[in-house]
>>> print(open('final_13.pdb').read())   # PDB, C-alpha atoms
ATOM      1  CA  MET P 575       0.000   0.000   0.000
ATOM      2  CA  THR P 576       1.414   3.425  -0.901
ATOM      3  CA  MET P 577       1.010   6.461   1.274
ATOM      4  CA  ALA P 578      -0.605   9.552  -0.154
ATOM      5  CA  VAL P 579       1.410  12.728   0.029
ATOM      6  CA  VAL P 580      -0.182  16.003   1.058
ATOM      7  CA  THR P 581       1.111  19.558   1.164
ATOM      8  CA  PRO P 582       0.121  21.907   3.993
ATOM      9  CA  GLY P 583      -1.668  24.093   1.440
ATOM     10  CA  SER P 584      -4.252  21.338   0.993
ATOM     11  CA  PHE P 585      -4.825  20.593   4.700
ATOM     12  CA  LYS P 586      -8.410  20.131   5.903
ATOM     13  CA  ASN P 587      -9.663  19.947   9.479
ATOM     14  CA  GLY P 588      -9.718  16.300  10.562
ATOM     15  CA  LEU P 589      -6.973  15.191   8.144
ATOM     16  CA  THR P 590      -4.597  12.630   9.674
ATOM     17  CA  ILE P 591      -0.902  12.906   8.862
ATOM     18  CA  GLU P 592       2.272  11.085   9.858
ATOM     19  CA  TYR P 593       4.713  13.519  11.439
ATOM     20  CA  LYS P 594       7.543  13.089  13.938
ATOM     21  CA  ASP P 595       7.089   9.276  13.950
ATOM     22  CA  SER P 596       3.475   9.465  15.094
ATOM     23  CA  VAL P 597      -0.025  10.078  13.769
ATOM     24  CA  TRP P 598      -1.529  13.564  14.079
ATOM     25  CA  LYS P 599      -4.949  15.039  13.401
ATOM     26  CA  VAL P 600      -5.227  18.557  11.955
ATOM     27  CA  LEU P 601      -7.517  20.460  14.344
ATOM     28  CA  SER P 602      -7.160  23.845  12.638
ATOM     29  CA  PHE P 603      -4.957  25.579  10.100
ATOM     30  CA  GLN P 604      -4.397  29.033   8.655
ATOM     31  CA  GLN P 605      -2.388  30.012   5.599
ATOM     32  CA  THR P 606      -0.246  33.128   5.970
ATOM     33  CA  LYS P 607       1.924  35.016   3.507
ATOM     34  CA  THR P 608       3.996  38.107   3.995
ATOM     35  CA  ALA P 609       5.698  40.171   1.323
ATOM     36  CA  ARG P 610       9.171  38.943   2.240
ATOM     37  CA  GLN P 611       8.500  35.332   3.198
ATOM     38  CA  ALA P 612       7.218  32.272   1.434
ATOM     39  CA  ALA P 613       3.680  31.203   2.254
ATOM     40  CA  MET P 614       3.349  29.285   5.524
ATOM     41  CA  VAL P 615       0.600  27.236   7.133
ATOM     42  CA  ARG P 616       0.112  27.532  10.886
ATOM     43  CA  THR P 617      -1.593  24.487  12.333
ATOM     44  CA  LYS P 618      -2.893  23.075  15.570
ATOM     45  CA  LEU P 619      -2.217  19.335  15.629
ATOM     46  CA  LYS P 620      -3.352  16.647  18.051
ATOM     47  CA  ASN P 621      -1.155  13.603  18.574
ATOM     48  CA  LEU P 622      -3.604  10.709  18.368
ATOM     49  CA  ILE P 623      -1.310   8.385  20.327
ATOM     50  CA  SER P 624      -0.451  10.600  23.312
ATOM     51  CA  GLY P 625      -3.326  13.095  23.152
ATOM     52  CA  THR P 626      -1.005  16.125  23.255
ATOM     53  CA  THR P 627      -1.754  19.188  21.160
ATOM     54  CA  ILE P 628       0.899  21.339  19.494
ATOM     55  CA  ASP P 629       1.076  24.421  17.291
ATOM     56  CA  GLU P 630       3.258  23.797  14.242
ATOM     57  CA  THR P 631       4.160  25.925  11.212
ATOM     58  CA  PHE P 632       4.905  24.348   7.820
ATOM     59  CA  ARG P 633       6.212  25.806   4.578
ATOM     60  CA  ILE P 634       3.453  25.596   1.985
ATOM     61  CA  SER P 635       5.728  23.548  -0.289
ATOM     62  CA  GLU P 636       6.578  20.840   2.287
ATOM     63  CA  SER P 637       5.390  17.309   1.634
ATOM     64  CA  LEU P 638       3.930  15.142   4.386
ATOM     65  CA  ASN P 639       2.503  11.633   4.321
ATOM     66  CA  THR P 640      -1.131  11.137   5.132
ATOM     67  CA  ALA P 641      -1.587   8.541   7.837
ATOM     68  CA  LEU P 642      -2.913   5.211   6.645
ATOM     69  CA  VAL P 643      -5.898   4.870   8.923
ATOM     70  CA  GLU P 644      -8.880   2.565   8.784
ATOM     71  CA  LYS P 645     -12.328   3.673   9.915
ATOM     72  CA  GLU P 646     -14.882   1.218  11.253
ATOM     73  CA  ASP P 647     -18.439   1.934  12.335
ATOM     74  CA  ALA P 648     -19.366   1.219  15.940
ATOM     75  CA  LEU P 649     -22.430   1.841  18.119
ATOM     76  CA  TYR P 650     -22.084   3.657  21.421
ATOM     77  CA  SER P 651     -23.380   1.446  24.236
ATOM     78  CA  TYR P 652     -22.482   2.826  27.684
ATOM     79  CA  ALA P 653     -19.773   4.424  29.830
ATOM     80  CA  ASP P 654     -18.153   3.283  33.054
ATOM     81  CA  LYS P 655     -15.514   4.995  35.235
ATOM     82  CA  GLU P 656     -12.585   4.354  32.882
ATOM     83  CA  TYR P 657     -13.979   3.471  29.452
ATOM     84  CA  PHE P 658     -16.557   4.227  26.812
ATOM     85  CA  ASN P 659     -18.002   0.982  25.511
ATOM     86  CA  PHE P 660     -19.005   0.439  21.887
ATOM     87  CA  LEU P 661     -20.237  -2.448  19.749
ATOM     88  CA  ASP P 662     -18.551  -3.099  16.412
ATOM     89  CA  ALA P 663     -21.314  -2.462  13.829
ATOM     90  CA  GLU P 664     -20.393  -5.560  11.795
ATOM     91  CA  THR P 665     -19.393  -8.176  14.367
ATOM     92  CA  TYR P 666     -21.205  -6.793  17.448
ATOM     93  CA  GLU P 667     -18.074  -7.448  19.494
ATOM     94  CA  GLY P 668     -17.562  -5.129  22.437
ATOM     95  CA  VAL P 669     -14.876  -2.431  22.149
ATOM     96  CA  ALA P 670     -13.804  -0.573  25.315
ATOM     97  CA  LEU P 671     -11.956   2.701  24.710
ATOM     98  CA  ARG P 672     -10.159   4.958  27.158
ATOM     99  CA  ARG P 673     -12.111   8.124  27.884
ATOM    100  CA  ASP P 674      -9.317  10.373  26.559
ATOM    101  CA  LEU P 675      -9.772   8.957  23.031
ATOM    102  CA  VAL P 676     -13.237  10.469  22.697
ATOM    103  CA  ASP P 677     -13.496  14.204  22.009
ATOM    104  CA  GLN P 678     -16.881  15.824  22.713
ATOM    105  CA  ALA P 679     -17.822  12.759  24.797
ATOM    106  CA  ASP P 680     -20.768  14.551  26.406
ATOM    107  CA  LEU P 681     -22.431  14.570  22.960
ATOM    108  CA  LEU P 682     -22.492  10.744  22.813
ATOM    109  CA  ARG P 683     -25.953   9.224  23.014
ATOM    110  CA  ASP P 684     -27.087   5.618  23.330
ATOM    111  CA  GLY P 685     -27.012   3.823  19.987
ATOM    112  CA  MET P 686     -25.126   6.634  18.185
ATOM    113  CA  THR P 687     -23.046   5.370  15.256
ATOM    114  CA  VAL P 688     -19.458   6.631  15.437
ATOM    115  CA  GLN P 689     -16.315   5.835  13.480
ATOM    116  CA  ILE P 690     -13.430   4.190  15.288
ATOM    117  CA  VAL P 691     -10.144   5.186  13.639
ATOM    118  CA  LYS P 692      -7.242   2.708  13.662
ATOM    119  CA  TRP P 693      -3.612   3.339  12.759
ATOM    120  CA  GLY P 694      -2.254  -0.143  12.265
ATOM    121  CA  ASP P 695      -3.618  -2.128  15.213
ATOM    122  CA  THR P 696      -3.891   0.921  17.482
ATOM    123  CA  ILE P 697      -7.194   2.744  17.965
ATOM    124  CA  VAL P 698      -6.275   6.424  17.794
ATOM    125  CA  ASP P 699      -9.550   8.347  17.484
ATOM    126  CA  VAL P 700     -13.317   8.228  17.675
ATOM    127  CA  VAL P 701     -15.230  10.423  15.236
ATOM    128  CA  LEU P 702     -18.805  11.403  16.059
ATOM    129  CA  PRO P 703     -21.296  11.978  13.231
ATOM    130  CA  GLN P 704     -20.975  15.416  11.649
ATOM    131  CA  ASN P 705     -24.401  16.475  12.975
ATOM    132  CA  ALA P 706     -26.684  14.961  15.598
ATOM    133  CA  GLU P 707     -30.098  15.807  17.050
ATOM    134  CA  TYR P 708     -30.694  16.472  20.752
ATOM    135  CA  ASP P 709     -33.520  17.615  23.015
ATOM    136  CA  VAL P 710     -33.031  20.833  24.976
ATOM    137  CA  THR P 711     -33.651  19.987  28.653
ATOM    138  CA  TYR P 712     -32.830  23.396  30.111
ATOM    139  CA  THR P 713     -32.348  26.947  28.905
ATOM    140  CA  GLU P 714     -33.620  30.349  29.936
ATOM    141  CA  PRO P 715     -37.061  31.135  28.491
ATOM    142  CA  GLY P 716     -37.042  31.835  24.763
ATOM    143  CA  ILE P 717     -37.845  35.167  23.213
ATOM    144  CA  LYS P 718     -40.460  35.099  20.471
ATOM    145  CA  LYS P 719     -39.505  36.860  17.237
ATOM    146  CA  ALA P 720     -35.803  36.576  18.103
ATOM    147  CA  ALA P 721     -34.927  34.685  14.906
ATOM    148  CA  SER P 722     -33.223  37.715  13.378
ATOM    149  CA  SER P 723     -31.012  38.283  16.412
ATOM    150  CA  ASN P 724     -27.477  36.853  16.507
ATOM    151  CA  GLN P 725     -27.437  36.654  20.285
ATOM    152  CA  LEU P 726     -26.878  33.285  21.937
ATOM    153  CA  LYS P 727     -27.655  31.765  25.331
ATOM    154  CA  PRO P 728     -26.511  28.557  27.051
ATOM    155  CA  ALA P 729     -28.629  25.420  26.774
ATOM    156  CA  THR P 730     -28.333  21.953  28.326
ATOM    157  CA  LEU P 731     -29.015  18.972  26.059
ATOM    158  CA  ASP P 732     -30.498  15.596  26.993
ATOM    159  CA  THR P 733     -26.983  14.097  27.174
ATOM    160  CA  GLY P 734     -25.902  16.724  29.713
ATOM    161  CA  ALA P 735     -23.814  18.649  27.182
ATOM    162  CA  GLU P 736     -23.978  22.429  27.211
ATOM    163  CA  ILE P 737     -23.962  24.431  23.990
ATOM    164  CA  MET P 738     -24.878  27.949  22.892
ATOM    165  CA  VAL P 739     -28.220  28.380  21.082
ATOM    166  CA  PRO P 740     -30.167  31.350  19.638
ATOM    167  CA  LEU P 741     -32.569  33.203  21.947
ATOM    168  CA  TYR P 742     -35.684  31.659  20.337
ATOM    169  CA  VAL P 743     -34.789  28.080  21.391
ATOM    170  CA  ASP P 744     -36.843  26.822  24.328
ATOM    171  CA  ILE P 745     -36.967  23.833  26.697
ATOM    172  CA  GLY P 746     -38.355  20.800  24.846
ATOM    173  CA  ASP P 747     -37.126  21.913  21.423
ATOM    174  CA  LYS P 748     -35.143  19.447  19.334
ATOM    175  CA  VAL P 749     -31.966  20.956  17.880
ATOM    176  CA  LYS P 750     -29.338  19.829  15.379
ATOM    177  CA  VAL P 751     -25.741  20.314  16.579
ATOM    178  CA  ALA P 752     -22.448  20.158  14.641
ATOM    179  CA  THR P 753     -20.514  17.783  16.899
ATOM    180  CA  ALA P 754     -16.999  18.881  15.868
ATOM    181  CA  ASP P 755     -17.349  22.403  17.274
ATOM    182  CA  ARG P 756     -20.560  22.038  19.320
ATOM    183  CA  SER P 757     -22.277  24.725  17.263
ATOM    184  CA  PHE P 758     -26.044  25.056  16.860
ATOM    185  CA  VAL P 759     -27.132  24.193  13.294
ATOM    186  CA  GLU P 760     -30.911  24.474  13.401
ATOM    187  CA  ARG P 761     -34.038  23.896  15.428
ATOM    188  CA  ILE P 762     -36.052  20.884  14.296
ATOM    189  CA  LEU P 763     -39.636  22.083  14.023
ATOM    190  CA  ASN P 764     -42.832  20.266  15.061
ATOM    191  CA  THR P 765     -41.160  18.274  17.821
ATOM    192  CA  LYS P 766     -41.950  20.473  20.806
ATOM    193  CA  ARG P 767     -43.334  18.547  23.762
ATOM    194  CA  LYS P 768     -46.593  19.709  25.315
TER
END
>>> encode(input="final_13.pdb", output="structure tokens")
Amino acid sequence: MTMAVVTPGSFKNGLTIEYKDSVWKVLSFQQTKTARQAAMVRTKLKNLISGTTIDETFRISESLNTALVEKEDALYSYADKEYFNFLDAETYEGVALRRDLVDQADLLRDGMTVQIVKWGDTIVDVVLPQNAEYDVTYTEPGIKKAASSNQLKPATLDTGAEIMVPLYVDIGDKVKVATADRSFVERILNTKRK
């Protein structure tokens, strides 16, 4: 199997690369160019083996290898003190993962399909679905006709996670959330509980 080569100019959030004898996930990146210097890419990288995060700057012309990772679907089952427990979606075998491998863990819900990312035989990451739906269990009372306002307020979801939502969202509303950055996407209409 040959490794794909990527330049920092074509980085995307979530891309996995091999760097410094380990596997890293690109959390964020920004291209910069000054009049006197060659273009650079400033990145925030997470080491998927150790969990450490670093800021690194690459020349735009550098070549890096993408990490050869495999992704397998799994269903979230339950959590205990040390592990999150999943079922492999194909074999239904149990998979227990250390808590530090799961980012945004408070957005996990029973039966949620996630992707378990393996680098060789080592599980290095768990990727939640891009968007997921949740019920709002607590927030300050909503303001009618606030749809045009860009103001946000805190809200607690049925998993216990806290996110920021627009003022018009109320207790009992169902909302769609982008799991990567915990941002509100939309309110799902006609689901309000009486």
>>> resolve_selection(input="final_13.pdb", expression="the PyMOL selection byres ((chain P and resi 635-646) around 6)", output="MDAnalysis selection string")
chainID P and resid 578:581 590:592 633:634 647 689:693
>>> resolve_selection(input="final_13.pdb", expression="the PyMOL selection byres ((chain P and resi 759) around 12)", output="VMD selection string")
chain P and resid 704 to 708 737 to 740 743 748 to 758 760 to 762
>>> resolve_selection(input="final_13.pdb", expression="the PyMOL selection byres ((chain P and resi 666-670) around 10)", output="VMD selection string")
chain P and resid 648 to 654 656 to 665 671 to 673 690
>>> closest_residue(input="final_13.pdb", among="P:Asp709, P:Asp732, P:Asp674, P:Asp695", to="Gly625 in chain P", atoms="all atoms listed in the file")
P:Asp674
>>> residues_around(input="final_13.pdb", residues="Phe632 in chain P", least_positions_apart="6", cutoff="8 Å", atoms="only C-alpha atoms", output="ChimeraX atom specification")
/P:582,614-617
>>> closest_residue(input="final_13.pdb", among="P:Asn621, P:Gln678, P:Gln604, P:Gln611", to="Val700 in chain P", atoms="all atoms listed in the file")
P:Gln678
>>> atom_distance(input="final_13.pdb", atom1="CA of Lys727 in chain P", atom2="CA of Asp680 in chain P")
18.6 Å
>>> atom_distance(input="final_13.pdb", atom1="CA of Ala729 in chain P", atom2="CA of Tyr742 in chain P")
11.4 Å
>>> closest_residue(input="final_13.pdb", among="P:Leu741, P:Ala735, P:Leu726, P:Ile697", to="Ala679 in chain P", atoms="all atoms listed in the file")
P:Ala735
>>> residues_around(input="final_13.pdb", residues="Leu622 in chain P", least_positions_apart="6", cutoff="6 Å", atoms="all atoms listed in the file", output="list in words")
Val597, Trp598 and Val698 of chain P
>>> atom_distance(input="final_13.pdb", atom1="CA of Asp629 in chain P", atom2="CA of Asp699 in chain P")
19.3 Å
>>> closest_residue(input="final_13.pdb", among="P:Pro703, P:Ser602, P:Thr733, P:Arg610", to="Thr631 in chain P", atoms="only C-alpha atoms")
P:Ser602
>>> closest_residue(input="final_13.pdb", among="P:Leu681, P:Leu675, P:Met686, P:Gly746", to="Tyr712 in chain P", atoms="only C-alpha atoms")
P:Gly746
>>> build_atoms(input="final_13.pdb", residues="range 637-661 of chain P", atoms="N, CA, C and O atoms", output="PDB file, keeping the file's coordinate frame")
ATOM      1  N   SER P 637       6.195  18.501   1.904  1.00  0.00           N
ATOM      2  CA  SER P 637       5.390  17.309   1.634  1.00  0.00           C
ATOM      3  C   SER P 637       5.331  16.454   2.891  1.00  0.00           C
ATOM      4  O   SER P 637       6.360  16.209   3.529  1.00  0.00           O
ATOM      5  N   LEU P 638       4.135  16.011   3.225  1.00  0.00           N
ATOM      6  CA  LEU P 638       3.930  15.142   4.386  1.00  0.00           C
ATOM      7  C   LEU P 638       3.120  13.936   3.935  1.00  0.00           C
ATOM      8  O   LEU P 638       2.336  14.010   2.983  1.00  0.00           O
ATOM      9  N   ASN P 639       3.288  12.827   4.630  1.00  0.00           N
ATOM     10  CA  ASN P 639       2.503  11.633   4.321  1.00  0.00           C
ATOM     11  C   ASN P 639       1.193  11.666   5.089  1.00  0.00           C
ATOM     12  O   ASN P 639       1.175  11.993   6.278  1.00  0.00           O
ATOM     13  N   THR P 640       0.125  11.318   4.408  1.00  0.00           N
ATOM     14  CA  THR P 640      -1.131  11.137   5.132  1.00  0.00           C
ATOM     15  C   THR P 640      -1.013   9.829   5.886  1.00  0.00           C
ATOM     16  O   THR P 640      -0.342   8.893   5.445  1.00  0.00           O
ATOM     17  N   ALA P 641      -1.638   9.762   7.035  1.00  0.00           N
ATOM     18  CA  ALA P 641      -1.587   8.541   7.837  1.00  0.00           C
ATOM     19  C   ALA P 641      -2.538   7.510   7.240  1.00  0.00           C
ATOM     20  O   ALA P 641      -3.662   7.837   6.868  1.00  0.00           O
ATOM     21  N   LEU P 642      -2.058   6.290   7.129  1.00  0.00           N
ATOM     22  CA  LEU P 642      -2.913   5.211   6.645  1.00  0.00           C
ATOM     23  C   LEU P 642      -3.771   4.736   7.806  1.00  0.00           C
ATOM     24  O   LEU P 642      -3.319   3.979   8.665  1.00  0.00           O
ATOM     25  N   VAL P 643      -4.983   5.233   7.846  1.00  0.00           N
ATOM     26  CA  VAL P 643      -5.898   4.870   8.923  1.00  0.00           C
ATOM     27  C   VAL P 643      -7.097   4.147   8.341  1.00  0.00           C
ATOM     28  O   VAL P 643      -7.480   4.365   7.202  1.00  0.00           O
ATOM     29  N   GLU P 644      -7.649   3.270   9.146  1.00  0.00           N
ATOM     30  CA  GLU P 644      -8.880   2.565   8.784  1.00  0.00           C
ATOM     31  C   GLU P 644      -9.987   3.063   9.689  1.00  0.00           C
ATOM     32  O   GLU P 644      -9.764   3.303  10.879  1.00  0.00           O
ATOM     33  N   LYS P 645     -11.183   3.227   9.128  1.00  0.00           N
ATOM     34  CA  LYS P 645     -12.328   3.673   9.915  1.00  0.00           C
ATOM     35  C   LYS P 645     -13.378   2.577   9.905  1.00  0.00           C
ATOM     36  O   LYS P 645     -13.710   2.034   8.859  1.00  0.00           O
ATOM     37  N   GLU P 646     -13.864   2.254  11.105  1.00  0.00           N
ATOM     38  CA  GLU P 646     -14.882   1.218  11.253  1.00  0.00           C
ATOM     39  C   GLU P 646     -16.046   1.784  12.049  1.00  0.00           C
ATOM     40  O   GLU P 646     -15.848   2.482  13.042  1.00  0.00           O
ATOM     41  N   ASP P 647     -17.249   1.475  11.614  1.00  0.00           N
ATOM     42  CA  ASP P 647     -18.439   1.934  12.335  1.00  0.00           C
ATOM     43  C   ASP P 647     -18.631   1.144  13.623  1.00  0.00           C
ATOM     44  O   ASP P 647     -18.376  -0.063  13.671  1.00  0.00           O
ATOM     45  N   ALA P 648     -19.066   1.855  14.657  1.00  0.00           N
ATOM     46  CA  ALA P 648     -19.366   1.219  15.940  1.00  0.00           C
ATOM     47  C   ALA P 648     -20.550   1.951  16.561  1.00  0.00           C
ATOM     48  O   ALA P 648     -20.806   3.119  16.260  1.00  0.00           O
ATOM     49  N   LEU P 649     -21.268   1.261  17.427  1.00  0.00           N
ATOM     50  CA  LEU P 649     -22.430   1.841  18.119  1.00  0.00           C
ATOM     51  C   LEU P 649     -22.066   2.110  19.567  1.00  0.00           C
ATOM     52  O   LEU P 649     -21.532   1.226  20.251  1.00  0.00           O
ATOM     53  N   TYR P 650     -22.350   3.337  20.022  1.00  0.00           N
ATOM     54  CA  TYR P 650     -22.084   3.657  21.421  1.00  0.00           C
ATOM     55  C   TYR P 650     -23.064   2.896  22.299  1.00  0.00           C
ATOM     56  O   TYR P 650     -24.261   2.879  22.056  1.00  0.00           O
ATOM     57  N   SER P 651     -22.544   2.245  23.357  1.00  0.00           N
ATOM     58  CA  SER P 651     -23.380   1.446  24.236  1.00  0.00           C
ATOM     59  C   SER P 651     -23.522   2.091  25.618  1.00  0.00           C
ATOM     60  O   SER P 651     -24.620   2.441  26.027  1.00  0.00           O
ATOM     61  N   TYR P 652     -22.405   2.255  26.338  1.00  0.00           N
ATOM     62  CA  TYR P 652     -22.482   2.826  27.684  1.00  0.00           C
ATOM     63  C   TYR P 652     -21.093   3.265  28.134  1.00  0.00           C
ATOM     64  O   TYR P 652     -20.084   2.936  27.507  1.00  0.00           O
ATOM     65  N   ALA P 653     -21.042   3.985  29.247  1.00  0.00           N
ATOM     66  CA  ALA P 653     -19.773   4.424  29.830  1.00  0.00           C
ATOM     67  C   ALA P 653     -19.652   3.876  31.242  1.00  0.00           C
ATOM     68  O   ALA P 653     -20.651   3.702  31.937  1.00  0.00           O
ATOM     69  N   ASP P 654     -18.426   3.588  31.650  1.00  0.00           N
ATOM     70  CA  ASP P 654     -18.153   3.283  33.054  1.00  0.00           C
ATOM     71  C   ASP P 654     -17.073   4.259  33.525  1.00  0.00           C
ATOM     72  O   ASP P 654     -16.783   5.233  32.838  1.00  0.00           O
ATOM     73  N   LYS P 655     -16.466   4.023  34.676  1.00  0.00           N
ATOM     74  CA  LYS P 655     -15.514   4.995  35.235  1.00  0.00           C
ATOM     75  C   LYS P 655     -14.305   5.243  34.341  1.00  0.00           C
ATOM     76  O   LYS P 655     -13.791   6.350  34.299  1.00  0.00           O
ATOM     77  N   GLU P 656     -13.822   4.226  33.648  1.00  0.00           N
ATOM     78  CA  GLU P 656     -12.585   4.354  32.882  1.00  0.00           C
ATOM     79  C   GLU P 656     -12.777   4.330  31.373  1.00  0.00           C
ATOM     80  O   GLU P 656     -11.941   4.851  30.642  1.00  0.00           O
ATOM     81  N   TYR P 657     -13.856   3.738  30.879  1.00  0.00           N
ATOM     82  CA  TYR P 657     -13.979   3.471  29.452  1.00  0.00           C
ATOM     83  C   TYR P 657     -15.341   3.876  28.898  1.00  0.00           C
ATOM     84  O   TYR P 657     -16.349   3.888  29.601  1.00  0.00           O
ATOM     85  N   PHE P 658     -15.328   4.161  27.588  1.00  0.00           N
ATOM     86  CA  PHE P 658     -16.557   4.227  26.812  1.00  0.00           C
ATOM     87  C   PHE P 658     -16.644   2.894  26.088  1.00  0.00           C
ATOM     88  O   PHE P 658     -15.650   2.405  25.539  1.00  0.00           O
ATOM     89  N   ASN P 659     -17.825   2.306  26.091  1.00  0.00           N
ATOM     90  CA  ASN P 659     -18.002   0.982  25.511  1.00  0.00           C
ATOM     91  C   ASN P 659     -18.861   1.067  24.258  1.00  0.00           C
ATOM     92  O   ASN P 659     -19.930   1.683  24.265  1.00  0.00           O
ATOM     93  N   PHE P 660     -18.360   0.423  23.193  1.00  0.00           N
ATOM     94  CA  PHE P 660     -19.005   0.439  21.887  1.00  0.00           C
ATOM     95  C   PHE P 660     -19.196  -0.987  21.411  1.00  0.00           C
ATOM     96  O   PHE P 660     -18.546  -1.914  21.907  1.00  0.00           O
ATOM     97  N   LEU P 661     -20.070  -1.161  20.425  1.00  0.00           N
ATOM     98  CA  LEU P 661     -20.237  -2.448  19.749  1.00  0.00           C
ATOM     99  C   LEU P 661     -19.821  -2.258  18.308  1.00  0.00           C
ATOM    100  O   LEU P 661     -20.288  -1.331  17.635  1.00  0.00           O
TER     101      LEU P 661
END
